[in-house]
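Source file: coords-v3.cif (mmCIF, C-alpha atoms)
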data_query
#
loop_
_atom_site.label_atom_id
_atom_site.label_comp_id
_atom_site.auth_asym_id
_atom_site.auth_seq_id
_atom_site.Cartn_x
_atom_site.Cartn_y
_atom_site.Cartn_z
CA MET A 1 -24.73 13.19 59.04
CA LYS A 2 -25.04 9.43 58.50
CA ASN A 3 -24.17 9.68 54.82
CA ASN A 4 -21.02 11.74 55.34
CA ASP A 5 -17.62 10.16 54.71
CA VAL A 6 -14.85 9.82 57.28
CA ALA A 7 -13.04 13.00 56.17
CA THR A 8 -16.18 15.13 56.44
CA LEU A 9 -16.97 13.70 59.88
CA ALA A 10 -13.43 14.57 60.99
CA GLN A 11 -13.91 18.15 59.72
CA VAL A 12 -17.21 18.46 61.60
CA GLN A 13 -15.54 17.20 64.77
CA ALA A 14 -12.66 19.66 64.37
CA SER A 15 -15.08 22.57 63.88
CA ASN A 16 -16.69 21.99 67.29
CA PRO A 17 -15.73 25.09 69.34
CA ASP A 18 -16.17 23.17 72.61
CA ASP A 19 -12.91 21.34 71.89
CA SER A 20 -9.36 22.68 71.70
CA THR A 21 -8.27 21.22 68.39
CA TRP A 22 -5.00 20.84 66.51
CA LEU A 23 -5.23 19.60 62.96
CA SER A 24 -2.85 18.95 60.11
CA ALA A 25 -3.85 18.50 56.48
CA ASN A 26 -2.57 18.88 52.95
CA ALA A 27 -3.29 21.89 50.76
CA GLY A 28 -6.86 21.99 49.49
CA SER A 29 -8.14 19.45 52.00
CA GLY A 30 -10.46 21.81 53.89
CA LYS A 31 -8.52 23.60 56.64
CA THR A 32 -10.08 26.99 55.81
CA ARG A 33 -13.53 25.39 55.76
CA VAL A 34 -12.98 23.95 59.24
CA LEU A 35 -11.92 27.34 60.59
CA THR A 36 -14.88 29.06 58.94
CA ASP A 37 -17.28 26.45 60.34
CA ARG A 38 -15.76 26.86 63.79
CA VAL A 39 -16.35 30.62 63.77
CA ALA A 40 -19.91 30.16 62.50
CA ARG A 41 -20.64 27.74 65.34
CA LEU A 42 -19.18 30.17 67.89
CA LEU A 43 -21.48 32.89 66.60
CA LEU A 44 -24.45 30.53 66.75
CA GLU A 45 -23.64 29.82 70.40
CA GLY A 46 -23.95 33.52 71.14
CA VAL A 47 -20.28 34.56 71.25
CA SER A 48 -19.92 38.25 70.37
CA PRO A 49 -18.14 38.78 67.01
CA GLU A 50 -15.73 41.27 68.59
CA ASN A 51 -14.52 38.55 70.99
CA ILE A 52 -13.37 36.22 68.20
CA LEU A 53 -9.83 36.39 66.83
CA CYS A 54 -8.73 34.34 63.81
CA LEU A 55 -5.08 34.21 62.77
CA THR A 56 -3.80 33.00 59.40
CA TYR A 57 -0.37 33.14 57.79
CA THR A 58 -1.10 35.17 54.65
CA LYS A 59 -3.33 38.09 53.76
CA ALA A 60 -4.85 36.00 50.97
CA ALA A 61 -5.89 33.32 53.48
CA ALA A 62 -7.37 35.93 55.83
CA SER A 63 -9.35 37.49 52.98
CA GLU A 64 -10.52 34.07 51.76
CA MET A 65 -11.72 33.08 55.22
CA GLN A 66 -13.61 36.34 55.72
CA ASN A 67 -15.27 36.04 52.31
CA ARG A 68 -16.34 32.47 52.98
CA LEU A 69 -17.73 33.34 56.41
CA PHE A 70 -19.74 36.31 55.16
CA GLU A 71 -20.98 34.27 52.21
CA ARG A 72 -22.25 31.57 54.56
CA LEU A 73 -23.88 33.98 57.02
CA GLY A 74 -25.42 35.89 54.12
CA LYS A 75 -26.99 32.69 52.73
CA TRP A 76 -28.40 31.78 56.16
CA ALA A 77 -30.21 35.11 56.27
CA MET A 78 -32.15 34.19 53.12
CA LEU A 79 -32.91 30.47 53.61
CA ASP A 80 -36.28 28.99 54.57
CA ASP A 81 -36.55 26.87 57.72
CA GLU A 82 -36.09 23.45 56.11
CA THR A 83 -33.10 24.44 53.98
CA LEU A 84 -31.51 26.23 56.95
CA ARG A 85 -32.05 23.14 59.10
CA ASN A 86 -30.17 21.01 56.56
CA SER A 87 -27.33 23.55 56.41
CA LEU A 88 -26.94 23.63 60.20
CA THR A 89 -27.11 19.84 60.36
CA GLN A 90 -24.28 19.59 57.84
CA LEU A 91 -22.33 21.96 60.08
CA GLY A 92 -22.64 19.43 62.90
CA ILE A 93 -25.50 21.01 64.86
CA GLU A 94 -28.23 18.41 65.35
CA GLN A 95 -29.65 19.28 68.77
CA GLY A 96 -31.88 22.22 69.67
CA LEU A 97 -32.78 23.25 66.13
CA ASN A 98 -35.95 25.34 66.44
CA LYS A 99 -37.51 28.63 65.37
CA GLN A 100 -35.34 30.57 67.84
CA THR A 101 -32.16 28.98 66.47
CA PHE A 102 -33.20 29.80 62.91
CA LYS A 103 -33.96 33.39 63.86
CA GLN A 104 -30.56 33.75 65.52
CA ALA A 105 -28.78 32.25 62.49
CA ARG A 106 -30.49 34.76 60.18
CA THR A 107 -29.25 37.72 62.24
CA LEU A 108 -25.59 36.68 62.34
CA PHE A 109 -24.69 38.33 59.04
CA ALA A 110 -25.91 41.73 60.22
CA ARG A 111 -24.18 41.29 63.60
CA ALA A 112 -20.87 40.41 61.95
CA ILE A 113 -21.08 43.32 59.51
CA GLU A 114 -21.82 45.82 62.27
CA VAL A 115 -18.75 44.94 64.35
CA PRO A 116 -16.42 47.99 64.47
CA GLY A 117 -13.50 47.22 62.20
CA SER A 118 -15.24 44.02 61.05
CA LEU A 119 -14.42 40.54 62.34
CA LYS A 120 -10.83 40.18 63.51
CA ILE A 121 -9.45 37.82 60.89
CA GLN A 122 -5.79 38.79 60.66
CA THR A 123 -2.43 37.47 59.59
CA ILE A 124 -0.24 36.42 62.47
CA HIS A 125 2.18 39.23 61.57
CA SER A 126 -0.59 41.84 61.66
CA PHE A 127 -1.70 40.58 65.06
CA CYS A 128 1.86 40.66 66.42
CA SER A 129 2.39 44.17 65.05
CA SER A 130 -0.74 45.48 66.76
CA LEU A 131 0.28 43.89 70.05
CA LEU A 132 3.82 45.31 69.91
CA ARG A 133 2.49 48.80 69.14
CA ARG A 134 0.27 48.62 72.22
CA PHE A 135 3.16 47.59 74.49
CA PRO A 136 6.38 48.94 72.89
CA LEU A 137 8.13 49.59 76.21
CA GLU A 138 7.49 46.09 77.52
CA ALA A 139 8.42 44.57 74.14
CA GLU A 140 11.60 46.70 73.95
CA VAL A 141 10.79 48.06 70.49
CA SER A 142 10.51 51.56 69.08
CA PRO A 143 6.90 52.83 69.30
CA ASN A 144 7.26 54.00 65.70
CA PHE A 145 8.84 50.87 64.27
CA THR A 146 8.43 50.12 60.57
CA GLU A 147 7.59 46.65 59.29
CA ILE A 148 9.77 45.63 56.36
CA ASP A 149 8.74 43.17 53.67
CA GLU A 150 10.78 40.40 52.06
CA TRP A 151 12.07 42.64 49.25
CA THR A 152 13.43 45.21 51.72
CA THR A 153 14.93 42.41 53.79
CA GLN A 154 16.74 41.01 50.74
CA ALA A 155 18.03 44.46 49.79
CA LEU A 156 19.35 44.94 53.33
CA CYS A 157 21.03 41.51 53.22
CA THR A 158 22.81 42.45 49.98
CA GLU A 159 23.94 45.74 51.50
CA ILE A 160 25.31 43.97 54.59
CA LEU A 161 27.08 41.34 52.47
CA GLU A 162 28.89 44.08 50.55
CA LYS A 163 29.83 45.76 53.84
CA ILE A 164 31.26 42.53 55.24
CA SER A 165 33.24 41.83 52.07
CA THR A 166 35.08 45.17 52.34
CA ASP A 167 35.86 44.83 56.05
CA GLU A 168 39.39 43.58 56.74
CA ILE A 169 38.36 41.34 59.67
CA ASP A 170 34.82 40.28 58.75
CA SER A 171 35.79 39.39 55.17
CA VAL A 172 37.89 36.48 56.52
CA SER A 173 34.77 34.69 57.78
CA LEU A 174 33.00 35.41 54.47
CA ALA A 175 35.92 33.98 52.46
CA ASN A 176 36.01 30.86 54.62
CA PHE A 177 32.25 30.45 54.37
CA SER A 178 32.26 31.01 50.60
CA LYS A 179 34.36 27.86 50.07
CA PHE A 180 31.30 25.79 50.86
CA VAL A 181 28.55 27.75 49.07
CA SER A 182 29.76 28.04 45.49
CA ASP A 183 26.81 26.00 44.19
CA VAL A 184 24.17 27.53 46.48
CA ASN A 185 21.83 30.47 45.83
CA LEU A 186 23.27 33.05 48.23
CA THR A 187 19.99 34.95 48.60
CA GLU A 188 18.18 31.77 49.66
CA LEU A 189 21.02 30.90 52.02
CA LEU A 190 20.89 34.29 53.77
CA THR A 191 17.11 33.89 54.06
CA ASP A 192 17.64 30.51 55.74
CA ILE A 193 20.16 32.07 58.13
CA LEU A 194 17.58 34.69 59.11
CA LYS A 195 14.92 32.02 59.63
CA ASN A 196 17.26 30.13 61.95
CA ARG A 197 18.69 33.20 63.66
CA THR A 198 17.77 32.01 67.16
CA VAL A 199 19.92 28.88 66.81
CA LEU A 200 22.75 30.51 64.87
CA SER A 201 22.99 33.44 67.30
CA GLU A 202 23.87 31.11 70.18
CA LEU A 203 27.51 31.16 71.22
CA LYS A 204 28.91 27.83 70.11
CA SER A 205 32.66 27.23 70.13
CA HIS A 206 34.52 25.21 67.54
CA SER A 207 35.42 22.64 70.19
CA GLU A 208 31.72 22.10 70.96
CA ILE A 209 30.91 21.59 67.29
CA TYR A 210 33.78 19.14 66.75
CA SER A 211 32.96 17.22 69.93
CA GLU A 212 29.41 16.63 68.65
CA PHE A 213 31.01 14.53 65.91
CA GLY A 214 33.34 12.75 68.33
CA LEU A 215 36.36 14.81 67.26
CA ASN A 216 39.01 16.82 69.08
CA SER A 217 39.24 20.33 67.64
CA ASN A 218 42.90 20.51 68.68
CA VAL A 219 43.73 17.69 66.29
CA SER A 220 43.59 18.81 62.65
CA PHE A 221 42.33 16.61 59.87
CA GLN A 222 45.85 16.33 58.46
CA GLU A 223 47.22 15.22 61.83
CA CYS A 224 44.47 12.64 62.14
CA LEU A 225 45.16 11.44 58.59
CA ASN A 226 48.87 11.08 59.32
CA GLY A 227 48.01 9.02 62.38
CA HIS A 228 46.13 6.47 60.28
CA PHE A 229 48.22 6.30 57.07
CA ASP A 230 51.96 6.48 56.35
CA SER A 231 54.64 6.09 53.69
CA LYS A 232 54.02 2.34 53.49
CA ASP A 233 50.55 3.10 52.18
CA LEU A 234 52.01 5.42 49.52
CA LYS A 235 54.29 2.60 48.37
CA LEU A 236 51.31 0.25 48.26
CA ILE A 237 49.43 2.72 46.08
CA LYS A 238 52.36 2.80 43.63
CA ILE A 239 52.15 -1.00 43.40
CA LEU A 240 48.39 -0.78 42.79
CA ARG A 241 48.85 1.90 40.13
CA ALA A 242 51.54 -0.06 38.31
CA GLY A 243 49.36 -3.17 38.25
CA MET A 244 46.26 -1.35 37.02
CA LYS A 245 48.13 0.18 34.11
CA ASN A 246 48.21 -3.31 32.60
CA GLY A 247 44.44 -3.82 32.81
CA GLY A 248 41.44 -2.77 30.79
CA ALA A 249 39.92 0.68 30.33
CA ARG A 250 38.43 0.82 33.83
CA ASP A 251 41.71 -0.27 35.46
CA LYS A 252 43.69 2.28 33.45
CA ALA A 253 41.26 5.04 34.43
CA SER A 254 41.82 4.14 38.08
CA ALA A 255 45.59 4.08 37.53
CA LYS A 256 45.39 7.61 36.11
CA LYS A 257 43.54 8.82 39.22
CA LEU A 258 46.16 7.19 41.44
CA SER A 259 48.97 8.92 39.55
CA ASN A 260 47.86 12.24 41.14
CA ILE A 261 48.58 10.94 44.65
CA GLU A 262 51.98 12.06 45.83
CA SER A 263 51.36 12.58 49.54
CA ILE A 264 48.88 11.76 52.30
CA ASN A 265 46.22 14.46 52.13
CA LEU A 266 42.50 14.97 51.42
CA GLU A 267 42.96 14.01 47.76
CA PHE A 268 44.67 10.81 48.93
CA ILE A 269 41.68 9.67 50.99
CA LYS A 270 39.00 10.73 48.48
CA THR A 271 40.75 9.04 45.56
CA LEU A 272 41.12 5.80 47.48
CA GLU A 273 37.47 5.97 48.55
CA ASP A 274 36.55 6.26 44.87
CA ILE A 275 38.63 3.26 43.84
CA LEU A 276 38.56 0.93 46.86
CA LEU A 277 34.94 1.37 48.06
CA TYR A 278 31.65 0.34 46.47
CA LYS A 279 29.43 3.20 45.30
CA GLY A 280 26.11 1.36 45.41
CA SER A 281 24.51 -1.03 47.85
CA THR A 282 23.13 -4.54 47.26
CA THR A 283 21.68 -7.27 49.44
CA LYS A 284 25.18 -8.72 49.81
CA ARG A 285 27.18 -5.57 50.55
CA PRO A 286 26.40 -2.06 51.87
CA GLU A 287 27.32 1.14 50.07
CA TYR A 288 30.85 2.43 50.69
CA SER A 289 32.05 -0.94 51.95
CA ALA A 290 35.53 -2.18 51.01
CA LYS A 291 35.96 -3.84 47.60
CA THR A 292 37.68 -6.85 49.09
CA ASP A 293 39.31 -8.84 46.24
CA SER A 294 37.33 -6.68 43.76
CA PHE A 295 39.13 -3.33 43.51
CA ALA A 296 40.62 -4.30 40.11
CA SER A 297 39.79 -6.70 37.31
CA LYS A 298 40.43 -10.42 37.91
CA ALA A 299 43.24 -10.43 35.35
CA VAL A 300 45.08 -7.59 37.10
CA LEU A 301 44.55 -9.16 40.53
CA SER A 302 45.86 -12.57 39.48
CA GLU A 303 48.72 -11.49 37.21
CA PHE A 304 50.08 -8.24 38.64
CA LEU A 305 48.80 -7.77 42.20
CA ASN A 306 48.61 -11.31 43.52
CA SER A 307 51.37 -10.87 46.11
CA SER A 308 49.87 -7.60 47.43
CA ILE A 309 46.15 -8.48 47.52
CA GLU A 310 46.07 -9.08 51.28
CA GLN A 311 47.73 -5.72 52.02
CA LEU A 312 45.48 -3.90 49.55
CA ASN A 313 42.37 -5.50 51.07
CA LYS A 314 43.43 -4.27 54.51
CA LEU A 315 44.04 -0.79 53.07
CA ALA A 316 40.53 -0.80 51.57
CA GLU A 317 39.07 -1.80 54.95
CA ARG A 318 40.95 1.04 56.67
CA ILE A 319 39.70 3.47 54.03
CA GLU A 320 36.14 2.24 54.70
CA VAL A 321 36.51 2.92 58.44
CA PHE A 322 38.24 6.28 58.00
CA ARG A 323 35.63 7.59 55.55
CA GLN A 324 33.26 8.52 58.38
CA THR A 325 36.07 10.39 60.15
CA ARG A 326 36.77 12.32 56.95
CA ILE A 327 33.09 13.25 56.61
CA SER A 328 32.93 14.30 60.28
CA TYR A 329 35.91 16.64 59.84
CA GLU A 330 34.50 18.19 56.66
CA THR A 331 31.05 18.62 58.20
CA SER A 332 32.49 20.17 61.37
CA GLU A 333 34.52 22.62 59.30
CA LYS A 334 31.42 23.63 57.31
CA ILE A 335 29.33 24.12 60.45
CA CYS A 336 32.06 26.20 62.10
CA ALA A 337 32.27 28.38 58.99
CA LEU A 338 28.48 28.74 58.98
CA TYR A 339 28.34 29.74 62.65
CA ASP A 340 31.25 32.19 62.32
CA PHE A 341 29.74 33.94 59.31
CA SER A 342 26.19 33.85 60.69
CA ARG A 343 27.20 35.56 63.94
CA ILE A 344 28.87 38.41 62.05
CA PHE A 345 26.04 38.71 59.51
CA LEU A 346 23.28 38.63 62.15
CA ASN A 347 25.07 41.25 64.28
CA HIS A 348 25.20 43.60 61.30
CA TYR A 349 21.59 42.78 60.42
CA THR A 350 20.34 43.47 63.95
CA ASN A 351 22.29 46.74 64.24
CA GLU A 352 21.14 48.04 60.85
CA LYS A 353 17.48 47.37 61.70
CA LEU A 354 17.88 48.99 65.11
CA LEU A 355 19.36 52.15 63.57
CA ARG A 356 16.48 52.42 61.10
CA GLY A 357 13.69 51.35 63.46
CA TRP A 358 12.85 48.31 61.33
CA LEU A 359 11.30 44.96 62.26
CA ASP A 360 11.02 42.08 59.80
CA PHE A 361 8.31 39.43 59.83
CA ASP A 362 10.26 37.04 62.07
CA ASP A 363 11.05 39.88 64.50
CA LEU A 364 7.32 40.50 64.92
CA ILE A 365 6.73 36.88 65.96
CA LEU A 366 9.85 36.50 68.13
CA LYS A 367 9.34 39.78 70.00
CA THR A 368 5.65 39.02 70.55
CA GLN A 369 6.61 35.59 71.87
CA ASN A 370 9.09 37.18 74.29
CA LEU A 371 6.49 39.77 75.31
CA LEU A 372 3.87 37.15 76.09
#

Now that the file is in, can you turn its structure into structure tokens?
Amino acid sequence: MKNNDVATLAQVQASNPDDSTWLSANAGSGKTRVLTDRVARLLLEGVSPENILCLTYTKAAASEMQNRLFERLGKWAMLDDETLRNSLTQLGIEQGLNKQTFKQARTLFARAIEVPGSLKIQTIHSFCSSLLRRFPLEAEVSPNFTEIDEWTTQALCTEILEKISTDEIDSVSLANFSKFVSDVNLTELLTDILKNRTVLSELKSHSEIYSEFGLNSNVSFQECLNGHFDSKDLKLIKILRAGMKNGGARDKASAKKLSNIESINLEFIKTLEDILLYKGSTTKRPEYSAKTDSFASKAVLSEFLNSSIEQLNKLAERIEVFRQTRISYETSEKICALYDFSRIFLNHYTNEKLLRGWLDFDDLILKTQNLL
């Protein structure tokens, strides 16, 4: 053991069955090896194979762990004393190595093979399924429930989405939600909703969501906007646009953007953010800070906007402050749309599964958690 590196020593420590161990590691760093070593050491200590339960996430991982364990136990059955001693030492067993220990190690393969149903190395979903089938009444599930895979789940999601889209009431929430998901893979989004069903199923009012961002849901974004900007600001924008028309290519491009502003609305605030706020950060100024004395070229500022620079600087500073309010309103609206749609979608999803006696992978875990 003295020649082992730090990582190997940590693996040996984690494989000690006397300790309750939590470990985290990257892919390929030896998690399966640690679990296999841990089981081997339990067997060496005399624990009956039928009393050991190993849970993994995938069938491939369960199969890999079982293969590795049987491969190790099979090798032990064939090794001479000295080679077996070295193998057990590498496993972390340094005390009490004698003829009796070697004899016991050589019988473990046969003991593991003879266990009815083999060693219990299962996926977490398989374990949950077996537990729910033993206690269906207590778990409030159908005794004859059917487990559905990801493909069936996706097909059911598509079916429900079509059903919602044709419903006069439910389609409103879908239309509102769709405004924010045009560039998102809808299948992946529905999968994420299912994964977060516990949170999204909670009753959360719009006022609660808005208040989390420091907003009053009774005050619309337009009302808030009108409370911060008025017709004087529209006149100031006309002055800015007229001045920028006399500048270079960048100034003229900004003037063209400003020509689309005719009233105080969302386009008004976003256009001014684009022109009056910095887009990148430096050591001297943070991102989205006001372009004080820098919102146009020096020539335009000195020749055409000189008398209005102070007012325009103050407007830029107000735009900087209001930007966070604008983002809070937009985010609140998106979250409300997500919650509204998710509640309707999850209700349909739950009812359809109930009618068909289906449980998906997450159901298996959640219902087992509630049962325990």

**Item:** Point-to-point distance in Å for atom CA of A:Glu287 and atom CA of A:Gly247
**Value:** 24.8 Å

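The space separating atom CA of A:Arg241 from atom CA of A:Ser259 comes to 7.0 Å.
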
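Using the PyMOL selection byres ((chain A and resi 52) around 10) on the file at hand returns these residues: Val39, Leu42, Leu43, Val47, Ser48, Pro49, Glu50, Asn51, Leu53, Cys54, Leu119, Lys120 and Ile121 of chain A.
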
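The shell of residues at most 10 Å from A:Leu315, with all atoms listed in the file counted and near chain neighbours (fewer than 2 positions) removed, consists of Phe229, Asp233, Leu236, Ile237, Leu272, Leu276, Ala290, Thr292, Ile309, Glu310, Gln311, Leu312, Asn313, Glu317, Arg318, Ile319, Glu320 and Val321 of chain A.
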
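Using only C-alpha atoms, the residues found no farther than 10 Å from stretch 131-146 of chain A, other than those of its own chain fewer than 2 positions away, are His125, Ser126, Phe127, Cys128, Ser129, Ile148, Asp149, Lys353, Leu354, Arg356, Gly357, Trp358, Leu359, Asp360, Leu364, Ile365, Lys367, Thr368, Gln369, Asn370, Leu371 and Leu372 of chain A.
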
**Prompt:** Can you find the residues with an atom no farther than 10 Å from (32.7, 28.8, 51.8), counting only C-alpha atoms, and report them as a VMD selection string?
**Reply:** chain A and resid 173 to 182 333 to 334 337 to 338 341

**Prompt:** Near A:Leu69, within 8 Å and counting all atoms listed in the file, which residues show up once chain neighbours fewer than 2 positions away are dropped, as a PyMOL selection string?
**Reply:** chain A and resi 36-37+39-40+65-67+71-73

**Message:** What's the separation between atom CA of A:Ala316 and atom CA of A:Lys291, in Å to one decimal place?
**Reply:** 6.8 Å

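Compared by their closest atoms to A:Ile261, and using all atoms listed in the file, the residues A:Leu55, A:Leu240, A:Ala249, A:Leu35 rank with A:Leu240 nearest.
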
**Prompt:** Of the candidates A:Leu258, A:Ala242, A:Val34, A:Ile327, which shows the shortest atom-to-atom distance to A:Gly214, using all atoms listed in the file?
**Reply:** A:Ile327

**Message:** Is it possible to get the residues within 12 Å of (-25.5, 25.1, 54.3) (coordinates as in the file, counting all atoms listed in the file) written as a PyMOL selection string?
**Reply:** chain A and resi 37+40+68-69+71-93+105

**Item:** Selection under test: the PyMOL selection byres ((chain A and resi 160) around 10); residues as an NGL selection string
**Value:** :A and (154-159 or 161-165 or 344-346 or 348-349 or 352)
